[in-house]
Amino acid sequence: MQLEFGSKRQDPDVRRLFDMKEVIFDKDWLAKTEDFGLYYMYRDLYLSRADKDKLLMQGLRYDITIIPPGMLGCEYIKTAGHYHPIVPEGSVTYPELYEVLEGEALYLLQNLDQSDVVVVYAMAGDKVLVPPGYGHVTINRSNKTLKMSNFVCRDFSSLYEPYRDRAGAAYFFTNDGWIKNEKCEHAGTLRRIDAPDSSSLKKLGITKESEMYPLMREIGLFDYLIRPEEHLEIFEVLV
């Protein structure tokens, strides 16, 4: 499933069912199901050599992820879930900025001890900033393909183990609604918020009406993704 981006066609990294079998809720369904591709990740995209140079200079990476509609037994299709590491010589973890390009998304965010668990409802055009200290899972709850992009620091590897060790996120989204993960018995009550409004997005230098990719050409606009400790005030009102 190649993606055409600019004049290039790119092959994806494919997340398969058995890659994330530890975090699937419906174990009975899983035991009877063969492996198959769940979603497609196109990493380090750019439209031109000049754009590539600007991304590299700022330490940024631009990705696109495509999640077709589907069910994992009784659970809606989702990503594996991951946290980010702490910034070197810092005290907070790297953030990440998402944009829904097509479809609908549920961004399930949780801090490391799951005392705070938040689900962000996002539609096409919405941007969602995952703040320092939070891991996240993305869920496609609709019957349409979810296509989303993200900006993130290019100099780290994501941490999947905390989700695997607890058999998933603090909550699972199923055809019966939200179900709490038995291995996260001390998790906080799930709270719902909408995607950031126009005033919140303005603080990030972005808007709902315009795609965020071209904004990486404004050098320094996404500095808070690389040096979050210098911009902590940005994250205070977003979750």
# chains A, B, ... in the order shown; residues from 1 in each chain; ligands from 1
call {"tool": "residues_around", "arguments": {"residues": "Leu146 (chain A)", "least_positions_apart": "3", "cutoff": "10 Å", "atoms": "only C-alpha atoms", "output": "list in words"}}
result
Tyr39, Thr65, Ile66, Ile67, Pro68, Pro69, Val100, Leu101, Glu102, Gly103, Glu104, Ala105, Met123, Ala124, Thr138, Ile139, Asn140, Arg141, Ser142 and Asn143 of chain A
call {"tool": "residues_around", "arguments": {"residues": "Ser157 (chain A)", "least_positions_apart": "6", "cutoff": "12 Å", "atoms": "only C-alpha atoms", "output": "list in words"}}
result
His82, Tyr83, His84, Pro85, Ile86, Val87, Thr93 and Tyr94 of chain A
call {"tool": "residues_around", "arguments": {"residues": "Phe36 (chain A)", "least_positions_apart": "4", "cutoff": "12 Å", "atoms": "only C-alpha atoms", "output": "number ranges by chain"}}
result
A: 14-21, 30, 40, 70, 72
call {"tool": "write_last_selection", "arguments": {"atoms": "N, CA and C atoms", "output": "PDB file, in the first residue's frame"}}
result
ATOM      1  N   VAL A  14       4.513  -1.610   8.154  1.00  0.00           N
ATOM      2  CA  VAL A  14       3.184  -2.156   8.426  1.00  0.00           C
ATOM      3  C   VAL A  14       3.146  -2.710   9.843  1.00  0.00           C
ATOM      4  N   ARG A  15       2.199  -2.241  10.640  1.00  0.00           N
ATOM      5  CA  ARG A  15       1.955  -2.813  11.967  1.00  0.00           C
ATOM      6  C   ARG A  15       0.950  -3.945  11.810  1.00  0.00           C
ATOM      7  N   ARG A  16       1.396  -5.135  12.147  1.00  0.00           N
ATOM      8  CA  ARG A  16       0.565  -6.323  11.979  1.00  0.00           C
ATOM      9  C   ARG A  16      -0.066  -6.716  13.307  1.00  0.00           C
ATOM     10  N   LEU A  17      -1.127  -7.508  13.213  1.00  0.00           N
ATOM     11  CA  LEU A  17      -1.859  -7.908  14.408  1.00  0.00           C
ATOM     12  C   LEU A  17      -0.955  -8.578  15.429  1.00  0.00           C
ATOM     13  N   PHE A  18      -0.141  -9.524  14.989  1.00  0.00           N
ATOM     14  CA  PHE A  18       0.679 -10.274  15.941  1.00  0.00           C
ATOM     15  C   PHE A  18       1.822  -9.432  16.500  1.00  0.00           C
ATOM     16  N   ASP A  19       2.118  -8.271  15.862  1.00  0.00           N
ATOM     17  CA  ASP A  19       3.111  -7.348  16.423  1.00  0.00           C
ATOM     18  C   ASP A  19       2.628  -6.769  17.740  1.00  0.00           C
ATOM     19  N   MET A  20       1.320  -6.714  17.930  1.00  0.00           N
ATOM     20  CA  MET A  20       0.756  -6.058  19.112  1.00  0.00           C
ATOM     21  C   MET A  20      -0.281  -6.939  19.797  1.00  0.00           C
ATOM     22  N   LYS A  21      -0.064  -8.260  19.722  1.00  0.00           N
ATOM     23  CA  LYS A  21      -1.032  -9.192  20.300  1.00  0.00           C
ATOM     24  C   LYS A  21      -1.164  -9.019  21.812  1.00  0.00           C
ATOM     25  N   LEU A  30      -8.649 -13.207  19.177  1.00  0.00           N
ATOM     26  CA  LEU A  30      -7.251 -13.252  18.769  1.00  0.00           C
ATOM     27  C   LEU A  30      -6.778 -14.692  18.577  1.00  0.00           C
ATOM     28  N   TYR A  40      -0.685   1.432   8.566  1.00  0.00           N
ATOM     29  CA  TYR A  40       0.452   1.684   7.686  1.00  0.00           C
ATOM     30  C   TYR A  40       1.110   3.010   8.071  1.00  0.00           C
ATOM     31  N   GLY A  70     -12.056  -1.057  10.904  1.00  0.00           N
ATOM     32  CA  GLY A  70     -12.072  -2.483  11.209  1.00  0.00           C
ATOM     33  C   GLY A  70     -12.278  -2.725  12.685  1.00  0.00           C
ATOM     34  N   LEU A  72     -11.138  -5.412  15.977  1.00  0.00           N
ATOM     35  CA  LEU A  72     -10.258  -6.434  16.527  1.00  0.00           C
ATOM     36  C   LEU A  72     -11.124  -7.278  17.460  1.00  0.00           C
TER      37      LEU A  72
END
call {"tool": "closest_residue", "arguments": {"among": "A:Pro95, A:Pro132, A:Gly6, A:Gly168", "to": "Glu75 (chain A)", "atoms": "only C-alpha atoms"}}
result
A:Gly168
call {"tool": "closest_residue", "arguments": {"among": "A:Cys74, A:Val137, A:Leu47, A:Leu97", "to": "Leu201 (chain A)", "atoms": "only C-alpha atoms"}}
result
A:Leu97
call {"tool": "residues_around", "arguments": {"residues": "Glu96 (chain A)", "least_positions_apart": "5", "cutoff": "6 Å", "atoms": "only C-alpha atoms", "output": "list of chain:residue names"}}
result
A:Leu129, A:Val130, A:Val152
call {"tool": "residues_around", "arguments": {"residues": "Leu190 (chain A)", "least_positions_apart": "5", "cutoff": "10 Å", "atoms": "only C-alpha atoms", "output": "short mmCIF file (atom, residue, chain, number, x, y, z; two decimals) with C-alpha atoms, in the first residue's frame"}}
result
data_model
loop_
_atom_site.label_atom_id
_atom_site.label_comp_id
_atom_site.auth_asym_id
_atom_site.auth_seq_id
_atom_site.Cartn_x
_atom_site.Cartn_y
_atom_site.Cartn_z
CA LEU A 108 -6.38 8.10 24.16
CA LEU A 109 -3.77 9.82 26.33
CA GLN A 110 -2.52 8.69 29.72
CA GLN A 114 -2.52 6.27 34.59
CA SER A 115 -3.78 8.68 37.25
CA ASP A 116 -4.91 10.90 34.36
CA VAL A 117 -6.55 9.30 31.32
CA VAL A 118 -8.01 11.51 28.60
CA VAL A 119 -9.75 10.74 25.31
CA ALA A 170 -6.00 1.96 30.75
CA TYR A 171 -9.23 1.61 28.73
CA TRP A 178 -15.26 1.89 27.09
CA LYS A 180 -11.36 -0.52 31.88
#
call {"tool": "closest_residue", "arguments": {"among": "A:Pro131, A:Glu22, A:Lys208, A:Phe5", "to": "Tyr163 (chain A)", "atoms": "only C-alpha atoms"}}
result
A:Glu22
call {"tool": "residues_around", "arguments": {"residues": "Gln2 (chain A)", "least_positions_apart": "5", "cutoff": "7 Å", "atoms": "only C-alpha atoms", "output": "PyMOL selection string"}}
result
chain A and resi 9-12
call {"tool": "closest_residue", "arguments": {"among": "A:Asp26, A:Asp53, A:Glu4, A:Glu161", "to": "Met216 (chain A)", "atoms": "only C-alpha atoms"}}
result
A:Asp53
call {"tool": "residues_around", "arguments": {"residues": "Glu218 (chain A)", "least_positions_apart": "2", "cutoff": "12 Å", "atoms": "only C-alpha atoms", "output": "list in words"}}
result
Asp51, Lys54, Leu55, Met57, Gln58, Gly205, Ile206, Met212, Tyr213, Pro214, Leu215, Met216, Gly220, Leu221, Phe222 and Asp223 of chain A
call {"tool": "write_last_selection", "arguments": {"atoms": "N, CA and C atoms", "output": "PDB file, in the first residue's frame"}}
result
ATOM      1  N   ASP A  51      12.772  21.068   1.635  1.00  0.00           N
ATOM      2  CA  ASP A  51      11.984  20.722   2.822  1.00  0.00           C
ATOM      3  C   ASP A  51      12.741  19.720   3.697  1.00  0.00           C
ATOM      4  N   LYS A  54      15.262  21.516   5.718  1.00  0.00           N
ATOM      5  CA  LYS A  54      14.660  22.293   6.815  1.00  0.00           C
ATOM      6  C   LYS A  54      14.246  21.374   7.965  1.00  0.00           C
ATOM      7  N   LEU A  55      13.698  20.213   7.653  1.00  0.00           N
ATOM      8  CA  LEU A  55      13.319  19.261   8.691  1.00  0.00           C
ATOM      9  C   LEU A  55      14.556  18.788   9.463  1.00  0.00           C
ATOM     10  N   MET A  57      17.463  20.285   9.729  1.00  0.00           N
ATOM     11  CA  MET A  57      18.057  21.401  10.469  1.00  0.00           C
ATOM     12  C   MET A  57      17.336  21.632  11.794  1.00  0.00           C
ATOM     13  N   GLN A  58      16.017  21.418  11.817  1.00  0.00           N
ATOM     14  CA  GLN A  58      15.231  21.656  13.024  1.00  0.00           C
ATOM     15  C   GLN A  58      15.107  20.414  13.906  1.00  0.00           C
ATOM     16  N   GLY A 205       0.740  28.419  16.883  1.00  0.00           N
ATOM     17  CA  GLY A 205       1.065  28.965  15.577  1.00  0.00           C
ATOM     18  C   GLY A 205       0.424  28.220  14.427  1.00  0.00           C
ATOM     19  N   ILE A 206      -0.673  27.495  14.707  1.00  0.00           N
ATOM     20  CA  ILE A 206      -1.343  26.726  13.674  1.00  0.00           C
ATOM     21  C   ILE A 206      -2.837  27.015  13.709  1.00  0.00           C
ATOM     22  N   MET A 212      -0.740  21.437   8.468  1.00  0.00           N
ATOM     23  CA  MET A 212       0.420  21.935   9.204  1.00  0.00           C
ATOM     24  C   MET A 212       1.755  21.663   8.503  1.00  0.00           C
ATOM     25  N   TYR A 213       1.775  20.776   7.496  1.00  0.00           N
ATOM     26  CA  TYR A 213       3.050  20.457   6.856  1.00  0.00           C
ATOM     27  C   TYR A 213       3.817  21.696   6.397  1.00  0.00           C
ATOM     28  N   PRO A 214       3.211  22.630   5.641  1.00  0.00           N
ATOM     29  CA  PRO A 214       3.993  23.773   5.152  1.00  0.00           C
ATOM     30  C   PRO A 214       4.589  24.629   6.263  1.00  0.00           C
ATOM     31  N   LEU A 215       4.035  24.551   7.459  1.00  0.00           N
ATOM     32  CA  LEU A 215       4.512  25.403   8.548  1.00  0.00           C
ATOM     33  C   LEU A 215       5.894  25.018   9.043  1.00  0.00           C
ATOM     34  N   MET A 216       6.385  23.840   8.670  1.00  0.00           N
ATOM     35  CA  MET A 216       7.732  23.475   9.095  1.00  0.00           C
ATOM     36  C   MET A 216       8.780  24.344   8.395  1.00  0.00           C
ATOM     37  N   GLY A 220      11.764  27.301  13.562  1.00  0.00           N
ATOM     38  CA  GLY A 220      11.576  27.570  14.983  1.00  0.00           C
ATOM     39  C   GLY A 220      10.152  27.477  15.465  1.00  0.00           C
ATOM     40  N   LEU A 221       9.172  27.376  14.554  1.00  0.00           N
ATOM     41  CA  LEU A 221       7.763  27.355  14.963  1.00  0.00           C
ATOM     42  C   LEU A 221       7.459  26.147  15.842  1.00  0.00           C
ATOM     43  N   PHE A 222       8.094  25.018  15.536  1.00  0.00           N
ATOM     44  CA  PHE A 222       7.844  23.786  16.288  1.00  0.00           C
ATOM     45  C   PHE A 222       8.959  23.471  17.284  1.00  0.00           C
ATOM     46  N   ASP A 223       9.616  24.509  17.766  1.00  0.00           N
ATOM     47  CA  ASP A 223      10.716  24.309  18.712  1.00  0.00           C
ATOM     48  C   ASP A 223      10.247  23.596  19.983  1.00  0.00           C
TER      49      ASP A 223
END
call {"tool": "select_by_dssp", "arguments": {"residues": "region 4-211 of chain A", "states": "strand (DSSP E)", "output": "count of residues only"}}
result
80
call {"tool": "closest_residue", "arguments": {"among": "A:Gly73, A:Arg164, A:Gly133, A:Gly59", "to": "Asp176 (chain A)", "atoms": "only C-alpha atoms"}}
result
A:Gly73
call {"tool": "select_by_dssp", "arguments": {"residues": "region 23-196 of chain A", "states": "helix (DSSP H, G or I)", "output": "list in words"}}
result
Val23, Lys27, Asp28, Trp29, Leu30, Ala31, Arg49, Ala50, Asp51, Lys52, Asp53, Lys54, Leu55, Leu56, Met57, Gln58, Glu161, Pro162, Tyr163, Arg164, Asp165, Glu182, Lys183 and Cys184 of chain A
